[in-house]
$ cat my_file-v4.txt   # compact mmCIF, N, CA and C atoms
# COMPACT_ATOMS: atom_id res chain seq x y z
N MET D 1 14.56 20.92 -36.16
CA MET D 1 14.33 19.51 -36.42
C MET D 1 14.62 18.70 -35.16
N LEU D 2 15.69 19.03 -34.45
CA LEU D 2 16.06 18.31 -33.23
C LEU D 2 14.97 18.45 -32.16
N LEU D 3 14.42 19.66 -32.04
CA LEU D 3 13.36 19.87 -31.05
C LEU D 3 12.13 19.03 -31.35
N ILE D 4 11.81 18.86 -32.61
CA ILE D 4 10.66 18.03 -32.99
C ILE D 4 10.91 16.58 -32.61
N ILE D 5 12.11 16.09 -32.87
CA ILE D 5 12.46 14.71 -32.52
C ILE D 5 12.40 14.51 -31.01
N LEU D 6 12.93 15.47 -30.26
CA LEU D 6 12.90 15.36 -28.81
C LEU D 6 11.48 15.42 -28.27
N LEU D 7 10.64 16.26 -28.85
CA LEU D 7 9.24 16.34 -28.44
C LEU D 7 8.52 15.03 -28.74
N LEU D 8 8.75 14.46 -29.91
CA LEU D 8 8.13 13.18 -30.26
C LEU D 8 8.62 12.07 -29.35
N ASN D 9 9.89 12.10 -28.96
CA ASN D 9 10.42 11.12 -28.02
C ASN D 9 9.75 11.24 -26.66
N LEU D 10 9.51 12.46 -26.21
CA LEU D 10 8.83 12.69 -24.95
C LEU D 10 7.38 12.19 -25.01
N ILE D 11 6.70 12.48 -26.10
CA ILE D 11 5.33 12.00 -26.28
C ILE D 11 5.30 10.47 -26.30
N ASP D 12 6.26 9.86 -26.97
CA ASP D 12 6.37 8.40 -26.99
C ASP D 12 6.56 7.86 -25.59
N GLY D 13 7.39 8.50 -24.79
CA GLY D 13 7.62 8.06 -23.42
C GLY D 13 6.37 8.15 -22.57
N ILE D 14 5.62 9.22 -22.74
CA ILE D 14 4.38 9.39 -21.97
C ILE D 14 3.37 8.31 -22.33
N PHE D 15 3.18 8.08 -23.62
CA PHE D 15 2.21 7.06 -24.04
C PHE D 15 2.68 5.65 -23.70
N THR D 16 3.98 5.42 -23.74
CA THR D 16 4.51 4.12 -23.35
C THR D 16 4.27 3.87 -21.87
N ALA D 17 4.56 4.85 -21.03
CA ALA D 17 4.33 4.71 -19.59
C ALA D 17 2.85 4.50 -19.30
N TRP D 18 2.00 5.22 -20.00
CA TRP D 18 0.55 5.10 -19.83
C TRP D 18 0.08 3.71 -20.22
N GLY D 19 0.53 3.23 -21.37
CA GLY D 19 0.14 1.90 -21.83
C GLY D 19 0.66 0.79 -20.94
N LEU D 20 1.88 0.93 -20.45
CA LEU D 20 2.44 -0.08 -19.54
C LEU D 20 1.73 -0.07 -18.20
N SER D 21 1.39 1.11 -17.71
CA SER D 21 0.70 1.21 -16.42
C SER D 21 -0.68 0.56 -16.46
N ASN D 22 -1.35 0.69 -17.59
CA ASN D 22 -2.69 0.13 -17.74
C ASN D 22 -2.67 -1.28 -18.30
N GLU D 23 -1.48 -1.83 -18.51
CA GLU D 23 -1.28 -3.18 -19.04
C GLU D 23 -1.93 -3.38 -20.41
N TRP D 24 -1.94 -2.31 -21.23
CA TRP D 24 -2.44 -2.40 -22.59
C TRP D 24 -1.35 -2.88 -23.54
N ILE D 25 -0.09 -2.61 -23.17
CA ILE D 25 1.05 -3.00 -24.00
C ILE D 25 2.09 -3.65 -23.12
N GLU D 26 3.06 -4.30 -23.74
CA GLU D 26 4.21 -4.88 -23.06
C GLU D 26 5.47 -4.30 -23.64
N GLU D 27 6.48 -4.14 -22.81
CA GLU D 27 7.78 -3.67 -23.28
C GLU D 27 8.52 -4.83 -23.90
N ALA D 28 8.91 -4.70 -25.16
CA ALA D 28 9.59 -5.78 -25.87
C ALA D 28 11.09 -5.81 -25.59
N ASN D 29 11.65 -4.68 -25.21
CA ASN D 29 13.08 -4.60 -24.92
C ASN D 29 13.35 -5.28 -23.57
N PRO D 30 14.16 -6.35 -23.55
CA PRO D 30 14.39 -7.07 -22.29
C PRO D 30 15.03 -6.20 -21.20
N LEU D 31 15.87 -5.26 -21.58
CA LEU D 31 16.49 -4.38 -20.59
C LEU D 31 15.46 -3.43 -19.99
N MET D 32 14.65 -2.83 -20.82
CA MET D 32 13.67 -1.87 -20.34
C MET D 32 12.50 -2.53 -19.62
N SER D 33 12.22 -3.79 -19.93
CA SER D 33 11.08 -4.46 -19.30
C SER D 33 11.30 -4.71 -17.82
N SER D 34 12.55 -4.62 -17.36
CA SER D 34 12.83 -4.82 -15.94
C SER D 34 12.55 -3.56 -15.11
N PHE D 35 12.28 -2.42 -15.77
CA PHE D 35 12.02 -1.16 -15.08
C PHE D 35 10.52 -0.89 -14.99
N SER D 36 10.15 -0.05 -14.04
CA SER D 36 8.75 0.37 -13.92
C SER D 36 8.44 1.39 -15.02
N PRO D 37 7.15 1.60 -15.33
CA PRO D 37 6.79 2.57 -16.38
C PRO D 37 7.30 3.98 -16.09
N LEU D 38 7.28 4.40 -14.82
CA LEU D 38 7.76 5.75 -14.51
C LEU D 38 9.27 5.86 -14.66
N THR D 39 9.98 4.78 -14.40
CA THR D 39 11.43 4.78 -14.60
C THR D 39 11.75 4.89 -16.09
N ILE D 40 11.00 4.19 -16.92
CA ILE D 40 11.20 4.28 -18.37
C ILE D 40 10.96 5.71 -18.84
N LEU D 41 9.89 6.33 -18.34
CA LEU D 41 9.62 7.72 -18.71
C LEU D 41 10.76 8.62 -18.24
N GLY D 42 11.25 8.40 -17.03
CA GLY D 42 12.36 9.20 -16.52
C GLY D 42 13.62 9.06 -17.36
N ILE D 43 13.89 7.84 -17.80
CA ILE D 43 15.06 7.59 -18.65
C ILE D 43 14.92 8.35 -19.96
N LYS D 44 13.73 8.27 -20.57
CA LYS D 44 13.52 8.95 -21.85
C LYS D 44 13.64 10.47 -21.69
N VAL D 45 13.09 11.01 -20.61
CA VAL D 45 13.18 12.46 -20.39
C VAL D 45 14.62 12.88 -20.13
N THR D 46 15.34 12.10 -19.33
CA THR D 46 16.74 12.41 -19.01
C THR D 46 17.60 12.38 -20.27
N LEU D 47 17.44 11.34 -21.07
CA LEU D 47 18.24 11.25 -22.29
C LEU D 47 17.89 12.34 -23.29
N SER D 48 16.61 12.68 -23.39
CA SER D 48 16.21 13.77 -24.28
C SER D 48 16.81 15.09 -23.81
N GLY D 49 16.79 15.32 -22.50
CA GLY D 49 17.39 16.54 -21.97
C GLY D 49 18.89 16.59 -22.20
N ALA D 50 19.56 15.47 -22.06
CA ALA D 50 21.00 15.41 -22.31
C ALA D 50 21.32 15.72 -23.77
N ILE D 51 20.52 15.19 -24.67
CA ILE D 51 20.73 15.45 -26.10
C ILE D 51 20.50 16.93 -26.39
N LEU D 52 19.47 17.49 -25.77
CA LEU D 52 19.18 18.91 -25.98
C LEU D 52 20.33 19.79 -25.50
N LEU D 53 20.95 19.43 -24.39
CA LEU D 53 22.07 20.22 -23.88
C LEU D 53 23.32 20.12 -24.76
N LEU D 54 23.47 18.98 -25.42
CA LEU D 54 24.63 18.83 -26.30
C LEU D 54 24.46 19.67 -27.53

$ encode --input "my_file-v4.txt" --output "structure tokens"
Amino acid sequence: MLLIILLLNLIDGIFTAWGLSNEWIEEANPLMSSFSPLTILGIKVTLSGAILLL
């Protein structure tokens, strides 16, 4: 179950970065909106990896 959640989080990060890069969507989170799309993807991947290691 955890692997499915982590995979879905990764997919969400990829589509979010893609949508932000193409200006199809806007980031609603004020903290995350200050970062570039690739930084957001990196944060999501890093946090998913940290959760997987725990």

$ closest_residue --input "my_file-v4.txt" --among "D:Leu3, D:Ala17, D:Asn22, D:Ile11" --to "Thr39 in chain D" --atoms "only C-alpha atoms"
D:Ala17

$ atom_distance --input "my_file-v4.txt" --atom1 "CA of Ile25 in chain D" --atom2 "CA of Pro37 in chain D"
11.0 Å

$ residues_around --input "my_file-v4.txt" --residues "Leu6 in chain D" --least-positions-apart "6" --cutoff "8 Å" --atoms "all atoms listed in the file" --output "VMD selection string"
chain D and resid 12 48 to 49 52

$ closest_residue --input "my_file-v4.txt" --among "D:Leu7, D:Trp24, D:Leu53, D:Ile14" --to "Leu41 in chain D" --atoms "all atoms listed in the file"
D:Ile14

$ decode --input "my_file-v4.txt" --residues "range 39-53 of chain D" --atoms "all heavy atoms" --output "PDB file, in the first residue's frame"
ATOM      1  N   THR D  39      12.200  22.154  -9.010  1.00  0.00           N
ATOM      2  CA  THR D  39      12.478  22.102  -7.574  1.00  0.00           C
ATOM      3  C   THR D  39      11.328  21.418  -6.847  1.00  0.00           C
ATOM      4  O   THR D  39      11.558  20.608  -5.942  1.00  0.00           O
ATOM      5  CB  THR D  39      12.696  23.520  -7.023  1.00  0.00           C
ATOM      6  OG1 THR D  39      13.764  24.134  -7.737  1.00  0.00           O
ATOM      7  CG2 THR D  39      13.032  23.483  -5.546  1.00  0.00           C
ATOM      8  N   ILE D  40      10.107  21.717  -7.241  1.00  0.00           N
ATOM      9  CA  ILE D  40       8.935  21.068  -6.640  1.00  0.00           C
ATOM     10  C   ILE D  40       8.996  19.563  -6.873  1.00  0.00           C
ATOM     11  O   ILE D  40       8.769  18.770  -5.960  1.00  0.00           O
ATOM     12  CB  ILE D  40       7.633  21.670  -7.195  1.00  0.00           C
ATOM     13  CG1 ILE D  40       7.498  23.124  -6.726  1.00  0.00           C
ATOM     14  CG2 ILE D  40       6.423  20.853  -6.770  1.00  0.00           C
ATOM     15  CD1 ILE D  40       6.334  23.866  -7.347  1.00  0.00           C
ATOM     16  N   LEU D  41       9.334  19.167  -8.102  1.00  0.00           N
ATOM     17  CA  LEU D  41       9.464  17.740  -8.405  1.00  0.00           C
ATOM     18  C   LEU D  41      10.567  17.117  -7.554  1.00  0.00           C
ATOM     19  O   LEU D  41      10.394  16.025  -7.015  1.00  0.00           O
ATOM     20  CB  LEU D  41       9.743  17.541  -9.889  1.00  0.00           C
ATOM     21  CG  LEU D  41       9.912  16.096 -10.359  1.00  0.00           C
ATOM     22  CD1 LEU D  41       8.660  15.278 -10.056  1.00  0.00           C
ATOM     23  CD2 LEU D  41      10.229  16.065 -11.836  1.00  0.00           C
ATOM     24  N   GLY D  42      11.688  17.807  -7.419  1.00  0.00           N
ATOM     25  CA  GLY D  42      12.785  17.298  -6.598  1.00  0.00           C
ATOM     26  C   GLY D  42      12.389  17.126  -5.141  1.00  0.00           C
ATOM     27  O   GLY D  42      12.764  16.157  -4.492  1.00  0.00           O
ATOM     28  N   ILE D  43      11.624  18.076  -4.625  1.00  0.00           N
ATOM     29  CA  ILE D  43      11.150  17.985  -3.235  1.00  0.00           C
ATOM     30  C   ILE D  43      10.256  16.771  -3.063  1.00  0.00           C
ATOM     31  O   ILE D  43      10.392  16.003  -2.105  1.00  0.00           O
ATOM     32  CB  ILE D  43      10.431  19.285  -2.822  1.00  0.00           C
ATOM     33  CG1 ILE D  43      11.433  20.431  -2.710  1.00  0.00           C
ATOM     34  CG2 ILE D  43       9.665  19.097  -1.513  1.00  0.00           C
ATOM     35  CD1 ILE D  43      10.792  21.805  -2.561  1.00  0.00           C
ATOM     36  N   LYS D  44       9.326  16.582  -4.006  1.00  0.00           N
ATOM     37  CA  LYS D  44       8.409  15.442  -3.910  1.00  0.00           C
ATOM     38  C   LYS D  44       9.162  14.116  -3.996  1.00  0.00           C
ATOM     39  O   LYS D  44       8.870  13.178  -3.250  1.00  0.00           O
ATOM     40  CB  LYS D  44       7.328  15.530  -4.987  1.00  0.00           C
ATOM     41  CG  LYS D  44       6.331  16.636  -4.736  1.00  0.00           C
ATOM     42  CD  LYS D  44       5.265  16.682  -5.783  1.00  0.00           C
ATOM     43  CE  LYS D  44       4.028  15.914  -5.489  1.00  0.00           C
ATOM     44  NZ  LYS D  44       3.366  16.005  -4.237  1.00  0.00           N
ATOM     45  N   VAL D  45      10.135  14.033  -4.895  1.00  0.00           N
ATOM     46  CA  VAL D  45      10.914  12.794  -5.034  1.00  0.00           C
ATOM     47  C   VAL D  45      11.747  12.541  -3.784  1.00  0.00           C
ATOM     48  O   VAL D  45      11.808  11.415  -3.281  1.00  0.00           O
ATOM     49  CB  VAL D  45      11.807  12.861  -6.294  1.00  0.00           C
ATOM     50  CG1 VAL D  45      12.826  11.733  -6.318  1.00  0.00           C
ATOM     51  CG2 VAL D  45      10.955  12.832  -7.550  1.00  0.00           C
ATOM     52  N   THR D  46      12.365  13.586  -3.249  1.00  0.00           N
ATOM     53  CA  THR D  46      13.196  13.449  -2.048  1.00  0.00           C
ATOM     54  C   THR D  46      12.355  13.000  -0.850  1.00  0.00           C
ATOM     55  O   THR D  46      12.749  12.089  -0.115  1.00  0.00           O
ATOM     56  CB  THR D  46      13.905  14.771  -1.740  1.00  0.00           C
ATOM     57  OG1 THR D  46      14.703  15.143  -2.861  1.00  0.00           O
ATOM     58  CG2 THR D  46      14.767  14.655  -0.499  1.00  0.00           C
ATOM     59  N   LEU D  47      11.210  13.634  -0.663  1.00  0.00           N
ATOM     60  CA  LEU D  47      10.362  13.249   0.463  1.00  0.00           C
ATOM     61  C   LEU D  47       9.797  11.844   0.304  1.00  0.00           C
ATOM     62  O   LEU D  47       9.698  11.108   1.285  1.00  0.00           O
ATOM     63  CB  LEU D  47       9.235  14.272   0.637  1.00  0.00           C
ATOM     64  CG  LEU D  47       9.679  15.662   1.115  1.00  0.00           C
ATOM     65  CD1 LEU D  47       8.493  16.597   1.178  1.00  0.00           C
ATOM     66  CD2 LEU D  47      10.360  15.585   2.464  1.00  0.00           C
ATOM     67  N   SER D  48       9.448  11.466  -0.920  1.00  0.00           N
ATOM     68  CA  SER D  48       8.962  10.105  -1.154  1.00  0.00           C
ATOM     69  C   SER D  48      10.061   9.093  -0.863  1.00  0.00           C
ATOM     70  O   SER D  48       9.809   8.034  -0.269  1.00  0.00           O
ATOM     71  CB  SER D  48       8.475   9.953  -2.593  1.00  0.00           C
ATOM     72  OG  SER D  48       7.335  10.724  -2.817  1.00  0.00           O
ATOM     73  N   GLY D  49      11.283   9.402  -1.279  1.00  0.00           N
ATOM     74  CA  GLY D  49      12.399   8.507  -0.999  1.00  0.00           C
ATOM     75  C   GLY D  49      12.685   8.392   0.485  1.00  0.00           C
ATOM     76  O   GLY D  49      12.990   7.306   0.991  1.00  0.00           O
ATOM     77  N   ALA D  50      12.583   9.493   1.200  1.00  0.00           N
ATOM     78  CA  ALA D  50      12.796   9.473   2.652  1.00  0.00           C
ATOM     79  C   ALA D  50      11.738   8.623   3.348  1.00  0.00           C
ATOM     80  O   ALA D  50      12.059   7.852   4.262  1.00  0.00           O
ATOM     81  CB  ALA D  50      12.789  10.882   3.211  1.00  0.00           C
ATOM     82  N   ILE D  51      10.506   8.739   2.905  1.00  0.00           N
ATOM     83  CA  ILE D  51       9.428   7.935   3.498  1.00  0.00           C
ATOM     84  C   ILE D  51       9.665   6.460   3.206  1.00  0.00           C
ATOM     85  O   ILE D  51       9.458   5.602   4.061  1.00  0.00           O
ATOM     86  CB  ILE D  51       8.059   8.405   2.985  1.00  0.00           C
ATOM     87  CG1 ILE D  51       7.737   9.781   3.556  1.00  0.00           C
ATOM     88  CG2 ILE D  51       6.959   7.399   3.312  1.00  0.00           C
ATOM     89  CD1 ILE D  51       6.513  10.438   2.961  1.00  0.00           C
ATOM     90  N   LEU D  52      10.103   6.164   1.985  1.00  0.00           N
ATOM     91  CA  LEU D  52      10.362   4.771   1.623  1.00  0.00           C
ATOM     92  C   LEU D  52      11.471   4.177   2.480  1.00  0.00           C
ATOM     93  O   LEU D  52      11.395   3.015   2.894  1.00  0.00           O
ATOM     94  CB  LEU D  52      10.733   4.688   0.132  1.00  0.00           C
ATOM     95  CG  LEU D  52      10.967   3.297  -0.433  1.00  0.00           C
ATOM     96  CD1 LEU D  52       9.693   2.456  -0.338  1.00  0.00           C
ATOM     97  CD2 LEU D  52      11.416   3.382  -1.875  1.00  0.00           C
ATOM     98  N   LEU D  53      12.501   4.960   2.785  1.00  0.00           N
ATOM     99  CA  LEU D  53      13.594   4.462   3.619  1.00  0.00           C
ATOM    100  C   LEU D  53      13.176   4.229   5.073  1.00  0.00           C
ATOM    101  O   LEU D  53      13.746   3.382   5.755  1.00  0.00           O
ATOM    102  CB  LEU D  53      14.778   5.435   3.564  1.00  0.00           C
ATOM    103  CG  LEU D  53      15.513   5.493   2.230  1.00  0.00           C
ATOM    104  CD1 LEU D  53      16.589   6.568   2.268  1.00  0.00           C
ATOM    105  CD2 LEU D  53      16.112   4.140   1.886  1.00  0.00           C
TER     106      LEU D  53
END
